[in-house]
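> First, the structure itself, so that you have it in front of you.
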Amino acid sequence: MTALAEPRAAPLLRPALSSRGRMLPALLLLPCLAWITFFFLAPLVLMCWRSLASDGFSLEPYGVLFTSPLFTKVMITTVRTAAITTVFALLLAYPLAYALTISGGKVRALILVFTLIPYWVDIIVRSFSWLILLGDNGMVNKALMALGIVSAPLQMLYNPFSVLLAMVQILLPLTTVTLFGAMLRIDRTLITAAKIHGASEWHAFRTVFFPLSLPGVYGAGLLVFVLALGFYVTPALLGSPRETMIAQTIMVEASQLLDWPQASAAGAVLLIITTSIAAIYNRYFSLDRLWGGSDK
Amino acid sequence: MTEFAAAAMASGAQLRLRQLTKAFGASQAVDRISLDVPAGAFVSLLGPSGSGKTTTLNLIAGFLTPDAGDILLDERSIADVPPHKRNIGMVFQSYSLFPHMTVAENVGFPLRMRTRLSRQAARQRIDEMLALVQLGHLGTRYPRQLSGGQQQRVAMARALVSHPRLLLMDEPLGALDKKLREQMQVEIKRIHRSVGTTVIYVTHDQTEALTMSDLVVVMHQARVSQVGTPRVLYEAPANLFVADFLGDSNLLTATIAHVSGDELAVEIGNGEKIRAARGTSAAAQGSRTVVLIRPEDISLTATDERTAGQDVVAGTIKDISYHGDTFKLDVALGADMLKVKVPRERGAGMERGQKVFLTWNSSVVRLLPAADRTSDASGEDER
Amino acid sequence: MSATAGRLGLSAAVLAVLIYLIFPVIVVVAISFSSGNFLVFPPPGFSLRWYESIAGDPEWVNALWVTLKVGSLSALIAVLLGVPAAFALVRHVIPAKALLSALILCALVTPPIVTALSTYLFFVPLGLVNTVVGLACAHAVSGMPFVVINTSASLRSADINLERAAVIHGAHPLWAVLRITLPIISPGIVIGAIFAFVHSAHELLVATFVLGGVGKPVAVKIWSGVQATSDPTIAAASAILIGLAIFTFASAAATQSLAKRRTA
């Protein structure tokens with residue numbers, strides 16, 4: 001039961017209510033943010049700090065990064081591999097995402113399950129399975145030789161081909177689902193309208209659907225690119241030293257050479273690159289749409 | 001237990017809103033709304049979406065805290081009282097019945113939460129409520145086994161079981177089809193008369209508001225546009241928005257041509273002068289105004305049958321549509337287009353392009369302010 | 001180009017891509033049952049010997065145990081912290097919501113090697129290296145986005161009026177959240193928790209740095225195994241991980257459809 005309050009006289013306007021109500025969202029968010037700050041952001045800051053100072057302040061590790069031929073080559077390889085992976089992932093994901101968009105309930109669910117099952121398998125295993133398939137005695141070579149297409153086993157491992165093949169396969173589910181999400185937002189009645197006005201299925205797709213899907217393509221592409229930059233297991237397992245990517249180099253610096261400043265510097269550079277790209281992504285494809293978008 | 005004895009004998013609470021204000025970020029949802037609701041009244045908050053009516057309801061319920069202003073229930077401020085302690089009943093558009101509880105358990109929920117009634121007493125109360133909403137036989141069913149109309153009645157029973165002095169209803173009939181809506185409107189009114197609690201009823205359907213309410217609060221862009229009984233709002237709207245929102249209307253821009261004593265004449269678009277009701281507006285000669293004539297107040301004749309004291313204007317029928325019991329005609333009057341509604345026998349035989357004569361009683365010609373200024377009038381208890 | 005030809009072409013492309021996706025999984029699982037000694041596909045015969053050798057090897061059993069502990073703990077932390085955060089983001093108006101969202105998600109976009117290195121450098125002075133708790137705390141960070149995203153999705157589609165109906169009729173707001181809303185959104189929470197668990201079970205680099213020594217989890221052991229041996233033990237271990245993931249997902253799906261049938 002509410003206590004009897006004095007009947008209000010003037011002033012009629014009261015200031016806003018209990019700060020208790022205002023504080024609630026902050027209290028709910030605080031533990032989560034505090035945890036992330038402590039266990040994620042603080043270490044990153046520490047890493048950047050360690051890259052600058054070992055015996056004293058020095059930018060030497062960065063200098064090495066930008067001048068050493070090893071690092072430069074690895075960075076170029078990394079960017080190139082990530083870029084090619086992105087292109088192929090998009091190329092393969094697009095028809096899959098499109099199929100998902102136009103499919104009805106059961107078929108869509110089926111395709112979705114198949115698309116997502118590989119996600120349940122970790123990267124090591126998926127990379128490793130290509131090792132089995134593409135080897136000299138692997139199934140692919142056996143099939144090719146049985147069909148008489150080649151007479152000797154093809155060298156399909158430890159080259160860019162195997163690395164890319166595996167990386168695309170690993171990133172494909174995420175690309176597909178991201179594209180699918182973007183495609184769902186396209187108003188399909190626009191396509192119907194185009195067809196009513198005489199456009200063929202292909203023409204309607206090319207002039208209406210495809211251009212509208214491009215923002216989704218760019219978004220998915222950015223995401224995949226960022227993730228591909230950081231790959232470790234796949235190039236390590238399936239690539240030759242020529243295909244070394246930056247994550248492997250950092251690993252070597254840290255765990256074998258124990259050159260913490262150098263590793264930290266390389267890590268910091270990689271971090272800056274991925275953060276910048278993610279920031280660009282966030283600017284155009286705001287992440288907070290995931291919670292329901294615009295503030296109420 | 002005195003709480004319950006008292007509640008059992010109480011009917012409706014008096015509700016006052018004082019300068020209630022709420023903004024979401026940059027947009028003002030409720031702007032200094034003041035309202036006086038008499039005890040036991042059935043009051044509708046009527047307005048288009050975005051007018052602030054649902055936000056006002058949520059403020060009264062306590063789901064939102066006002067930025068400024070106060071809410072008084074029986075002269076006691078409840079703005080600081082959390083929603084679960086306000087002793088209010090509420091019915092939602094989506095019924096919001098607890099899916100894992102039976103109908104009886106749903107209805108008994110407020111009793112379990114708010115009171116310490118014995119099982120027997122609670123059972124009795126639940127049965128009373130189910131009888132009130134005419135669902136006595138459905139106590140053991142689950143909500144998903146009920147139709148929409150039945151679910152809404154269960155929701156009402158749940159809202160009323162602890163005899164709240166205020167009942168809030170948020171577009172409760174929005175999810176029902178037309179016939180069912182009309183039946184439920186009658187039901188709700190019957191229950192209201194039985195129980196006597198004060199009801200705040202949010203709707204965007206003006207027919208619903210007009211037929212059910214003792215008092216209607218028309219809301220527009222976060223403010224109160226006008227408060228009054230249905231008849232006052234319909235027949236004597238205070239501004240353009242209310243005139244246009246309720247029912248069909250003809251709104252003609254005009255200039256005040258002549259003011260003297262009881263007489264008021266305005267000049268409308270085609271230059272003709274017609275007499276208007278004196279009304280409350282302080283009209284100055286030469287000032288711009290807007291004239292309201294309801295389509296059903298206009299008589300239509302094929303020949304000039306004017307009688308003394310009546311204004312008659314001539315026009316041409318541009319369009320006719322048949323509505324079963326009436327015909328609706330669009331009649332061109334110079335640059336203006338008048339909508340006219342006539343009974344079926346009158347309209348039969350009229351043709352597009354036909355020249356007709358329109359006439360009406362000058363008392364139905366109302367003047368409105370030329371610019372749409374909505375007031376935040378505090379509630380006037382006009383009965 | 002006729003519509004049916006287009007459809008056919010699309011279906012063919014889709015099928016090809018799906019095979020490309022699924023096939024390696026099939027390969028690994030098949031090999032794990034191989035009776036042969038080497039990593040050969042298709043396997044020569046059926047045998048459970050590799051599973052037996054794992055079951056008999058205390059190192060493998062221990063590794064699985066560690067993975068379970070780390071995964072469960074990190075998922076638990078992610079749920080305890082992520083669910084309230086989801087409520088805050090979906091139900092309340094918060095300044096700089098986009099920035100906060102980005103903060104929660106940034107763990108997913110950061111290269112794992114960077115996370116691993118920085119976490120290691122941070123944990124050393126804290127004494128968290130070589131501890132299960134330490135790794136769980138680190139994994140919780142990347143598990144949180146999964147919980148927050150899935151819980152938010154469930155929250156958004158849940159009818160807030162159900163909670164309001166309880167509150168206005170006398171229920172304490174916290175009671176209403178726990179007894180009305182939480183059961184409704186539990187599918188989303190559970191899915192998020194599963195994703196967090198699976199992510200932790202698969203994670204390699206942070207685990208290598210933080211717990212790569214004696215009490216290492218399965219992922220680390222598989223990685224060192226892959227580079228060293230060439231017998232199907234690795235395949236069996238991987239298949240176990242796959243099985244674990246599928247099992248958790250299936251049981252979650254089962255409990256949810258059971259819950260749905262109760263409340264529908």
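Each chain of the structure tokens is named A, B, ... in the order shown, its residues numbered from 1; ligands are numbered from 1 in display order.
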Fewer than 2 positions away in the same chain doesn't count, so skip those; otherwise give me all residues within 10 Å of Arg153 of chain B, counting only C-alpha atoms, as a ChimeraX atom specification.

/B:91,95,129-130,132-135,147-151,155-159,172,184,187-188

> If you run DSSP on this backbone, which residues of segment 135-265 of chain A come out as helix (DSSP H, G or I), and could you give them as number ranges by chain?

A: 139-146, 160-184, 189-196, 201-229, 233-238, 241-243, 246-256, 260-265

> Near segment 23-38 of chain A, counting only C-alpha atoms, which residues have an atom at most 7 Å away, once you skip same-chain residues fewer than 6 positions from it, shown as a ChimeraX atom specification?

/C:81-82,84-85,88,92,141

> Which residues are near Ser58 of chain A? Cut-off 12 Å, only C-alpha atoms, ignore same chain within fewer than 5 positions. Put them as a list in words.

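My list of contacting residues is Trp49, Arg50, Ser51, Leu52, Ala53, Gly63, Val64, Pro261, Gln262 and Ala265 of chain A.
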
> Save out the residues we just selected, N, CA and C atoms, as a PDB file, in the first residue's frame.


```pdb
ATOM      1  N   TRP A  49      52.256  -1.394 -25.201  1.00  0.00           N
ATOM      2  CA  TRP A  49      53.276  -0.824 -24.349  1.00  0.00           C
ATOM      3  C   TRP A  49      54.581  -1.607 -24.463  1.00  0.00           C
ATOM      4  N   ARG A  50      54.454  -2.918 -24.422  1.00  0.00           N
ATOM      5  CA  ARG A  50      55.645  -3.755 -24.482  1.00  0.00           C
ATOM      6  C   ARG A  50      56.347  -3.633 -25.834  1.00  0.00           C
ATOM      7  N   SER A  51      55.594  -3.246 -26.847  1.00  0.00           N
ATOM      8  CA  SER A  51      56.236  -3.129 -28.151  1.00  0.00           C
ATOM      9  C   SER A  51      57.148  -1.918 -28.220  1.00  0.00           C
ATOM     10  N   LEU A  52      56.881  -0.978 -27.307  1.00  0.00           N
ATOM     11  CA  LEU A  52      57.661   0.252 -27.361  1.00  0.00           C
ATOM     12  C   LEU A  52      58.825   0.248 -26.385  1.00  0.00           C
ATOM     13  N   ALA A  53      58.688  -0.487 -25.315  1.00  0.00           N
ATOM     14  CA  ALA A  53      59.686  -0.367 -24.245  1.00  0.00           C
ATOM     15  C   ALA A  53      60.129  -1.730 -23.777  1.00  0.00           C
ATOM     16  N   GLY A  63      60.608  -0.166 -36.544  1.00  0.00           N
ATOM     17  CA  GLY A  63      61.537   0.056 -37.646  1.00  0.00           C
ATOM     18  C   GLY A  63      61.822  -1.239 -38.378  1.00  0.00           C
ATOM     19  N   VAL A  64      62.096  -2.264 -37.579  1.00  0.00           N
ATOM     20  CA  VAL A  64      62.387  -3.564 -38.181  1.00  0.00           C
ATOM     21  C   VAL A  64      61.204  -4.035 -39.025  1.00  0.00           C
ATOM     22  N   PRO A 261      59.156  -7.693 -27.598  1.00  0.00           N
ATOM     23  CA  PRO A 261      58.892  -6.387 -28.216  1.00  0.00           C
ATOM     24  C   PRO A 261      58.576  -6.511 -29.711  1.00  0.00           C
ATOM     25  N   GLN A 262      59.334  -7.382 -30.385  1.00  0.00           N
ATOM     26  CA  GLN A 262      59.119  -7.504 -31.811  1.00  0.00           C
ATOM     27  C   GLN A 262      57.751  -8.101 -32.103  1.00  0.00           C
ATOM     28  N   ALA A 265      55.119  -5.580 -31.411  1.00  0.00           N
ATOM     29  CA  ALA A 265      55.011  -4.552 -32.446  1.00  0.00           C
ATOM     30  C   ALA A 265      54.224  -5.072 -33.636  1.00  0.00           C
TER      31      ALA A 265
END
```

> Pull the closest atom pair for each residue of chain C that gets at most 9 Å from chain B, along with the distance in Å to one decimal, counting only C-alpha atoms, ordering rows by chain and then ascending residue number, as a Markdown table.


```
| residue | atom | partner | partner_atom | distance |
| --- | --- | --- | --- | --- |
| C:Val93 | CA | B:Phe24 | CA | 8.3 |
| C:Asp159 | CA | B:Ser96 | CA | 7.8 |
| C:Ile160 | CA | B:Ser96 | CA | 8.8 |
| C:Asn161 | CA | B:Ser96 | CA | 6.0 |
| C:Leu162 | CA | B:Ser96 | CA | 4.8 |
| C:Glu163 | CA | B:Ser96 | CA | 8.4 |
| C:Arg164 | CA | B:Phe63 | CA | 7.6 |
| C:Ala165 | CA | B:Ser96 | CA | 6.5 |
| C:Ala166 | CA | B:Phe109 | CA | 8.0 |
| C:Val167 | CA | B:His84 | CA | 4.9 |
| C:Ile168 | CA | B:His84 | CA | 4.9 |
| C:His169 | CA | B:Pro110 | CA | 5.0 |
| C:Gly170 | CA | B:His84 | CA | 4.4 |
| C:Ala171 | CA | B:Met113 | CA | 5.7 |
| C:His172 | CA | B:His84 | CA | 6.0 |
| C:Pro173 | CA | B:His84 | CA | 7.3 |
| C:Ile180 | CA | B:Phe98 | CA | 8.0 |
| C:Arg262 | CA | B:His100 | CA | 6.9 |
| C:Thr263 | CA | B:His100 | CA | 5.0 |
| C:Ala264 | CA | B:Pro99 | CA | 6.7 |
```

> Would you output that residue set with N, CA and C atoms, as a PDB file, in the first residue's frame?


```
ATOM      1  N   VAL C  93      17.344   2.784 -23.040  1.00  0.00           N
ATOM      2  CA  VAL C  93      17.966   3.788 -23.890  1.00  0.00           C
ATOM      3  C   VAL C  93      19.329   4.103 -23.293  1.00  0.00           C
ATOM      4  N   ASP C 159       7.498 -10.898 -26.197  1.00  0.00           N
ATOM      5  CA  ASP C 159       6.501  -9.859 -25.973  1.00  0.00           C
ATOM      6  C   ASP C 159       6.750  -9.205 -24.619  1.00  0.00           C
ATOM      7  N   ILE C 160       7.176  -7.960 -24.638  1.00  0.00           N
ATOM      8  CA  ILE C 160       7.489  -7.295 -23.374  1.00  0.00           C
ATOM      9  C   ILE C 160       6.234  -7.110 -22.542  1.00  0.00           C
ATOM     10  N   ASN C 161       5.089  -7.123 -23.201  1.00  0.00           N
ATOM     11  CA  ASN C 161       3.864  -6.905 -22.444  1.00  0.00           C
ATOM     12  C   ASN C 161       3.555  -8.034 -21.478  1.00  0.00           C
ATOM     13  N   LEU C 162       4.135  -9.204 -21.748  1.00  0.00           N
ATOM     14  CA  LEU C 162       3.918 -10.304 -20.821  1.00  0.00           C
ATOM     15  C   LEU C 162       4.541  -9.964 -19.470  1.00  0.00           C
ATOM     16  N   GLU C 163       5.743  -9.424 -19.542  1.00  0.00           N
ATOM     17  CA  GLU C 163       6.415  -9.018 -18.316  1.00  0.00           C
ATOM     18  C   GLU C 163       5.663  -7.866 -17.663  1.00  0.00           C
ATOM     19  N   ARG C 164       5.219  -6.921 -18.493  1.00  0.00           N
ATOM     20  CA  ARG C 164       4.494  -5.775 -17.966  1.00  0.00           C
ATOM     21  C   ARG C 164       3.175  -6.205 -17.332  1.00  0.00           C
ATOM     22  N   ALA C 165       2.530  -7.192 -17.955  1.00  0.00           N
ATOM     23  CA  ALA C 165       1.253  -7.663 -17.397  1.00  0.00           C
ATOM     24  C   ALA C 165       1.482  -8.213 -15.993  1.00  0.00           C
ATOM     25  N   ALA C 166       2.596  -8.916 -15.817  1.00  0.00           N
ATOM     26  CA  ALA C 166       2.883  -9.448 -14.491  1.00  0.00           C
ATOM     27  C   ALA C 166       3.149  -8.320 -13.499  1.00  0.00           C
ATOM     28  N   VAL C 167       3.950  -7.354 -13.920  1.00  0.00           N
ATOM     29  CA  VAL C 167       4.338  -6.282 -13.015  1.00  0.00           C
ATOM     30  C   VAL C 167       3.149  -5.428 -12.613  1.00  0.00           C
ATOM     31  N   ILE C 168       2.343  -5.035 -13.574  1.00  0.00           N
ATOM     32  CA  ILE C 168       1.242  -4.121 -13.261  1.00  0.00           C
ATOM     33  C   ILE C 168       0.239  -4.789 -12.343  1.00  0.00           C
ATOM     34  N   HIS C 169       0.198  -6.112 -12.395  1.00  0.00           N
ATOM     35  CA  HIS C 169      -0.741  -6.806 -11.540  1.00  0.00           C
ATOM     36  C   HIS C 169      -0.094  -7.300 -10.261  1.00  0.00           C
ATOM     37  N   GLY C 170       1.027  -6.710  -9.909  1.00  0.00           N
ATOM     38  CA  GLY C 170       1.544  -6.917  -8.570  1.00  0.00           C
ATOM     39  C   GLY C 170       2.883  -7.620  -8.450  1.00  0.00           C
ATOM     40  N   ALA C 171       3.402  -8.163  -9.545  1.00  0.00           N
ATOM     41  CA  ALA C 171       4.660  -8.890  -9.417  1.00  0.00           C
ATOM     42  C   ALA C 171       5.830  -7.923  -9.312  1.00  0.00           C
ATOM     43  N   HIS C 172       6.783  -8.224  -8.463  1.00  0.00           N
ATOM     44  CA  HIS C 172       7.994  -7.423  -8.388  1.00  0.00           C
ATOM     45  C   HIS C 172       8.726  -7.522  -9.727  1.00  0.00           C
ATOM     46  N   PRO C 173       9.259  -6.397 -10.218  1.00  0.00           N
ATOM     47  CA  PRO C 173       9.891  -6.416 -11.546  1.00  0.00           C
ATOM     48  C   PRO C 173      10.949  -7.511 -11.701  1.00  0.00           C
ATOM     49  N   ILE C 180       9.001 -14.828 -15.739  1.00  0.00           N
ATOM     50  CA  ILE C 180       8.210 -14.702 -16.966  1.00  0.00           C
ATOM     51  C   ILE C 180       9.109 -14.597 -18.189  1.00  0.00           C
ATOM     52  N   ARG C 262       5.371 -26.935 -24.016  1.00  0.00           N
ATOM     53  CA  ARG C 262       4.694 -26.678 -22.746  1.00  0.00           C
ATOM     54  C   ARG C 262       4.006 -25.329 -22.721  1.00  0.00           C
ATOM     55  N   THR C 263       4.622 -24.360 -23.376  1.00  0.00           N
ATOM     56  CA  THR C 263       4.110 -23.013 -23.213  1.00  0.00           C
ATOM     57  C   THR C 263       3.404 -22.468 -24.438  1.00  0.00           C
ATOM     58  N   ALA C 264       3.469 -23.170 -25.546  1.00  0.00           N
ATOM     59  CA  ALA C 264       3.003 -22.603 -26.830  1.00  0.00           C
ATOM     60  C   ALA C 264       1.609 -21.982 -26.765  1.00  0.00           C
TER      61      ALA C 264
END
```

> Which chain B residues have any atom within 8 Å of an atom of chain A, and for each, what is the nearest pair of atoms with distance in Å to one decimal, counting only C-alpha atoms, rows sorted by chain and number, as CSV?


```
residue,atom,partner,partner_atom,distance
B:Arg18,CA,A:Leu12,CA,6.6
B:Gln19,CA,A:Leu13,CA,6.7
B:Phe24,CA,A:Lys296,CA,6.8
B:Thr65,CA,A:Leu17,CA,6.5
B:Pro66,CA,A:Ala16,CA,6.5
B:Asp67,CA,A:Ala16,CA,4.7
B:Ala68,CA,A:Arg14,CA,5.1
B:Gly69,CA,A:Leu13,CA,4.9
B:Asp70,CA,A:Arg14,CA,7.2
B:Glu75,CA,A:Pro7,CA,6.0
B:Arg76,CA,A:Ala5,CA,5.7
B:Ser77,CA,A:Ala5,CA,6.5
B:Asp80,CA,A:Leu17,CA,7.0
B:Val81,CA,A:Thr2,CA,7.4
B:Lys85,CA,A:Met1,CA,6.8
B:Arg86,CA,A:Thr2,CA,7.6
```

> Could you check which of C:Phe33, C:Tyr120, C:Phe209, C:Phe197 is closest to Phe40 of chain A, using only C-alpha atoms?

C:Tyr120

> Write out as a count of residues only the residues lying within 12 Å of Tyr281 of chain A, counting only C-alpha atoms and excluding same-chain residues fewer than 2 positions away.

27

> Neighbouring residues of Glu59 of chain C were defined as those with any atom within 10 Å, considering only C-alpha atoms; residues of the same chain fewer than 6 positions away were excluded. Please report them as a PDB file with N, CA and C atoms, in the first residue's frame.


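Writing the result to around19.pdb gives the following:
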```
ATOM      1  N   TRP C  65      38.965 -33.498 -20.562  1.00  0.00           N
ATOM      2  CA  TRP C  65      38.446 -33.000 -19.301  1.00  0.00           C
ATOM      3  C   TRP C  65      38.718 -31.502 -19.156  1.00  0.00           C
ATOM      4  N   VAL C 214      51.328 -28.543 -19.448  1.00  0.00           N
ATOM      5  CA  VAL C 214      50.936 -29.870 -18.977  1.00  0.00           C
ATOM      6  C   VAL C 214      49.432 -30.112 -19.096  1.00  0.00           C
ATOM      7  N   GLY C 215      48.647 -29.139 -18.638  1.00  0.00           N
ATOM      8  CA  GLY C 215      47.198 -29.389 -18.627  1.00  0.00           C
ATOM      9  C   GLY C 215      46.507 -28.853 -19.857  1.00  0.00           C
ATOM     10  N   LYS C 216      47.048 -29.185 -21.018  1.00  0.00           N
ATOM     11  CA  LYS C 216      46.516 -28.525 -22.201  1.00  0.00           C
ATOM     12  C   LYS C 216      45.174 -29.096 -22.633  1.00  0.00           C
ATOM     13  N   PRO C 217      44.344 -28.240 -23.243  1.00  0.00           N
ATOM     14  CA  PRO C 217      43.058 -28.726 -23.742  1.00  0.00           C
ATOM     15  C   PRO C 217      43.202 -29.465 -25.071  1.00  0.00           C
ATOM     16  N   VAL C 218      42.125 -30.039 -25.521  1.00  0.00           N
ATOM     17  CA  VAL C 218      42.141 -30.903 -26.694  1.00  0.00           C
ATOM     18  C   VAL C 218      42.646 -30.189 -27.939  1.00  0.00           C
ATOM     19  N   LYS C 221      46.280 -30.094 -28.033  1.00  0.00           N
ATOM     20  CA  LYS C 221      46.849 -31.427 -28.217  1.00  0.00           C
ATOM     21  C   LYS C 221      46.675 -31.894 -29.661  1.00  0.00           C
TER      22      LYS C 221
END
```

> Between atom CA of Ala263 of chain A and atom CA of Thr208 of chain C, what distance in Å does the model show, to one decimal?

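Result for atom CA of Ala263 of chain A versus atom CA of Thr208 of chain C: 15.7 Å, one decimal.
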
> Show me, as a ChimeraX atom specification, the residues that have an atom within 8 Å of Thr244 of chain A when counting only C-alpha atoms, minus same-chain residues fewer than 2 positions from it.

/A:74,77-78,235-236,239-242,246,248-249

> Residues as selected, N, CA and C atoms, written as a compact mmCIF listing (two decimals), in the first residue's frame, can you do that?


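Result file follows (selection06.txt):
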```
# COMPACT_ATOMS: atom_id res chain seq x y z
N VAL A 74 55.97 -11.02 -45.68
CA VAL A 74 54.87 -11.71 -45.00
C VAL A 74 53.60 -10.87 -45.01
N THR A 77 52.08 -11.05 -48.41
CA THR A 77 51.43 -12.35 -48.59
C THR A 77 50.12 -12.42 -47.84
N THR A 78 50.17 -11.91 -46.61
CA THR A 78 48.96 -11.95 -45.79
C THR A 78 47.82 -11.19 -46.46
N PRO A 235 47.34 -21.63 -43.00
CA PRO A 235 48.60 -21.50 -43.74
C PRO A 235 49.74 -22.30 -43.11
N ALA A 236 49.68 -22.45 -41.77
CA ALA A 236 50.75 -23.21 -41.11
C ALA A 236 50.71 -24.67 -41.53
N GLY A 239 50.42 -24.68 -46.00
CA GLY A 239 51.24 -23.85 -46.87
C GLY A 239 52.72 -24.12 -46.70
N SER A 240 53.46 -23.74 -47.70
CA SER A 240 54.92 -23.79 -47.59
C SER A 240 55.38 -22.50 -46.93
N PRO A 241 56.67 -22.43 -46.58
CA PRO A 241 57.16 -21.19 -45.97
C PRO A 241 56.88 -19.96 -46.81
N ARG A 242 56.70 -20.14 -48.11
CA ARG A 242 56.41 -18.98 -48.94
C ARG A 242 55.03 -18.42 -48.69
N ILE A 246 51.12 -13.45 -41.36
CA ILE A 246 51.66 -12.65 -40.27
C ILE A 246 51.46 -13.32 -38.91
N GLN A 248 51.59 -16.38 -38.14
CA GLN A 248 52.63 -17.37 -37.89
C GLN A 248 53.94 -16.70 -37.48
N THR A 249 54.25 -15.58 -38.14
CA THR A 249 55.48 -14.86 -37.82
C THR A 249 55.45 -14.38 -36.38
```

> Between A:Val121, A:Ile191, A:Leu134, A:Met145, single out the one closest to chain C, counting only C-alpha atoms.

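Using only C-alpha atoms, the shortest distance to chain C belongs to A:Val121.
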
> Pick the closest to Leu48 of chain C from C:Leu126, C:Leu174, C:Ala12, C:Ala236: which is it, counting only C-alpha atoms?

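When distances to Leu48 of chain C are compared using only C-alpha atoms, the smallest one comes from C:Ala236.
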
> Find, counting only C-alpha atoms, the residue in C:Pro43, C:Gly143, C:Pro111, C:Gly192 that gets nearest to chain A.

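Going through C:Pro43, C:Gly143, C:Pro111, C:Gly192 one by one, the smallest distance to chain A is for C:Pro111.
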
> Go through B:Gly52, B:Gly196, B:Gly353, B:Pro343 and flag the residue nearest Asp330 of chain B, using only C-alpha atoms for the distances.

B:Gly353

> Report, in Å to a single decimal, how far apart atom CA of Leu59 of chain B and atom CA of Asp170 of chain B are.

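Separating atom CA of Asp170 of chain B from atom CA of Leu59 of chain B is a distance of 12.3 Å.
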
> For a test of reading the model, state the distance in Å between atom CA of Arg80 of chain A and atom CA of Glu243 of chain A, rounded to one decimal.

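Rounded to one decimal, the two atoms are 10.2 Å apart.
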